[in-house]
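K.L.:
CSV, C-alpha atoms, file data04.csv:
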```
chain,number,residue,atom,x,y,z
A,194,MET,CA,86.3,102.8,129.0
A,195,LYS,CA,85.9,99.9,126.5
A,196,LEU,CA,86.7,96.4,127.6
A,197,LYS,CA,86.3,94.8,124.2
A,198,SER,CA,88.9,95.7,121.6
A,199,GLU,CA,87.6,97.1,118.3
A,200,SER,CA,88.1,95.4,115.0
A,201,TYR,CA,90.3,97.1,112.5
A,202,PRO,CA,87.3,98.2,110.3
A,203,ASP,CA,85.7,99.7,113.4
A,204,ARG,CA,88.9,101.5,114.4
A,205,ILE,CA,89.0,103.0,110.9
A,206,ARG,CA,85.4,104.1,111.1
A,207,HIS,CA,86.2,105.6,114.5
A,208,ILE,CA,89.1,107.5,113.0
A,209,ALA,CA,86.8,108.7,110.2
A,210,GLN,CA,84.3,110.0,112.7
A,211,GLU,CA,87.1,111.9,114.5
A,212,VAL,CA,88.4,113.4,111.3
A,213,SER,CA,84.9,114.5,110.3
A,214,GLN,CA,84.9,116.8,113.3
A,215,PHE,CA,87.4,119.0,111.4
A,216,ARG,CA,85.0,119.7,108.6
A,217,ASN,CA,84.5,123.3,109.7
A,218,LYS,CA,88.2,124.1,109.4
A,219,TYR,CA,89.5,121.7,106.8
A,220,PRO,CA,88.2,120.0,103.6
A,221,VAL,CA,88.1,116.5,105.0
A,222,ASP,CA,84.9,115.1,103.4
A,223,HIS,CA,86.9,113.1,100.8
A,224,THR,CA,89.2,111.7,103.5
A,225,VAL,CA,86.2,110.6,105.6
A,226,GLN,CA,84.6,109.0,102.6
A,227,GLN,CA,87.8,107.1,101.7
A,228,LEU,CA,88.3,105.8,105.2
A,229,GLY,CA,84.7,104.5,105.2
A,230,ILE,CA,85.4,102.7,101.9
A,231,ILE,CA,88.6,101.2,103.3
A,232,ALA,CA,86.8,100.0,106.4
A,233,ASN,CA,84.1,98.4,104.4
A,234,GLU,CA,86.5,96.6,102.1
A,235,LEU,CA,88.7,95.5,105.0
A,236,GLU,CA,85.7,94.1,106.8
A,237,LYS,CA,84.7,92.1,103.7
A,238,VAL,CA,88.2,90.6,103.4
A,239,LEU,CA,88.3,89.8,107.1
A,240,LYS,CA,85.0,88.0,106.9
A,241,LYS,CA,86.1,85.9,103.9
A,242,THR,CA,89.5,85.0,105.5
A,243,PRO,CA,89.4,82.0,107.8
A,244,GLN,CA,90.4,82.8,111.4
A,245,LYS,CA,93.5,81.1,112.7
A,246,GLN,CA,93.1,79.2,115.9
A,247,ALA,CA,95.6,80.3,118.6
```
What would the structure in this file look like if it were written as C-alpha coordinates?
P.N.:
Amino acid sequence: MKLKSESYPDRIRHIAQEVSQFRNKYPVDHTVQQLGIIANELEKVLKKTPQKQA
(Lines of atoms letter the chains of each structure in order from A and count residues from 1; the text may use other names and numbers.)
(Lines give C-alpha, C1' and ligand atoms only; values in the text may rest on other atoms or scores of the structure.)
Protein backbone atom coordinates (compact mmCIF):
# COMPACT_ATOMS: atom_id res chain seq x y z
CA MET A 1 0.00 0.00 0.00
CA LYS A 2 1.41 3.35 -1.03
CA LEU A 3 1.12 6.22 1.38
CA LYS A 4 2.47 8.85 -0.98
CA SER A 5 0.33 9.75 -3.97
CA GLU A 6 1.90 9.45 -7.40
CA SER A 7 2.38 12.41 -9.70
CA TYR A 8 0.35 12.48 -12.91
CA PRO A 9 3.39 11.51 -15.04
CA ASP A 10 4.11 8.58 -12.71
CA ARG A 11 0.46 7.49 -12.90
CA ILE A 12 0.64 7.54 -16.69
CA ARG A 13 3.84 5.50 -16.63
CA HIS A 14 2.17 3.01 -14.27
CA ILE A 15 -0.76 2.69 -16.69
CA ALA A 16 1.69 2.16 -19.55
CA GLN A 17 3.35 -0.66 -17.61
CA GLU A 18 -0.02 -2.31 -17.02
CA VAL A 19 -1.00 -1.96 -20.67
CA SER A 20 2.33 -3.48 -21.74
CA GLN A 21 1.32 -6.71 -19.98
CA PHE A 22 -1.23 -7.22 -22.78
CA ARG A 23 1.48 -7.43 -25.47
CA ASN A 24 0.98 -11.18 -25.94
CA LYS A 25 -2.71 -10.80 -26.84
CA TYR A 26 -2.99 -7.31 -28.32
CA PRO A 27 -0.76 -4.96 -30.34
CA VAL A 28 -0.21 -2.33 -27.64
CA ASP A 29 3.43 -1.34 -28.22
CA HIS A 30 2.46 1.93 -29.90
CA THR A 31 0.05 2.77 -27.07
CA VAL A 32 2.71 2.13 -24.43
CA GLN A 33 5.20 4.27 -26.33
CA GLN A 34 2.70 7.12 -26.67
CA LEU A 35 1.84 6.99 -22.95
CA GLY A 36 5.54 7.24 -22.13
CA ILE A 37 5.90 10.29 -24.37
CA ILE A 38 2.84 11.92 -22.80
CA ALA A 39 4.18 11.27 -19.30
CA ASN A 40 7.56 12.79 -20.16
CA GLU A 41 6.01 15.88 -21.77
CA LEU A 42 3.62 16.38 -18.86
CA GLU A 43 6.49 16.08 -16.40
CA LYS A 44 8.43 18.78 -18.29
CA VAL A 45 5.43 21.12 -18.21
CA LEU A 46 4.78 20.49 -14.53
CA LYS A 47 8.42 21.22 -13.67
CA LYS A 48 8.29 24.54 -15.56
CA THR A 49 4.99 25.62 -14.04
CA PRO A 50 5.28 27.33 -10.65
CA GLN A 51 3.44 25.52 -7.87
CA LYS A 52 0.56 27.40 -6.24
CA GLN A 53 0.76 27.68 -2.47
CA ALA A 54 -2.35 26.31 -0.74
K.L.:
At a cut-off of 10 Å, using all atoms listed in the file, what residues contact His223 in chain A? Leave out same-chain residues fewer than 5 positions from it and give the result as a list in words.
P.N.:
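Counting all atoms listed in the file, the residues come to Ser213, Leu228 and Gly229 of chain A.
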K.L.:
Report, in Å with one decimal, the straight-line distance from CA of Thr224 in chain A to CA of Glu211 in chain A.
P.N.:
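Calculated distance between CA of Thr224 in chain A and CA of Glu211 in chain A is 11.2 Å.
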K.L.:
Using all atoms listed in the file, which protein or nucleic acid residues come within 12 Å of Ile231 in chain A? Drop anything in the same chain fewer than 6 positions from it, and give the result as a ChimeraX atom specification.
P.N.:
/A:201-206,208-209,224-225,237-238
K.L.:
One decimal, in Å: what's the spacing between CA of Leu239 in chain A and CA of Ser200 in chain A?
P.N.:
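CA of Ser200 in chain A lies 9.7 Å from CA of Leu239 in chain A.
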K.L.:
Give me, please, the distance in Å between CA of Gln226 in chain A and CA of His207 in chain A, quoted to one decimal.
P.N.:
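Separating CA of Gln226 in chain A from CA of His207 in chain A is a distance of 12.5 Å.
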K.L.:
Point out the residue among A:Asn233, A:Lys197, A:Lys240, A:Gln227 with the least atom-to-atom distance to Val212 in chain A, counting only C-alpha atoms.
P.N.:
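Of A:Asn233, A:Lys197, A:Lys240, A:Gln227, the one nearest Val212 in chain A, counting only C-alpha atoms, is A:Gln227.
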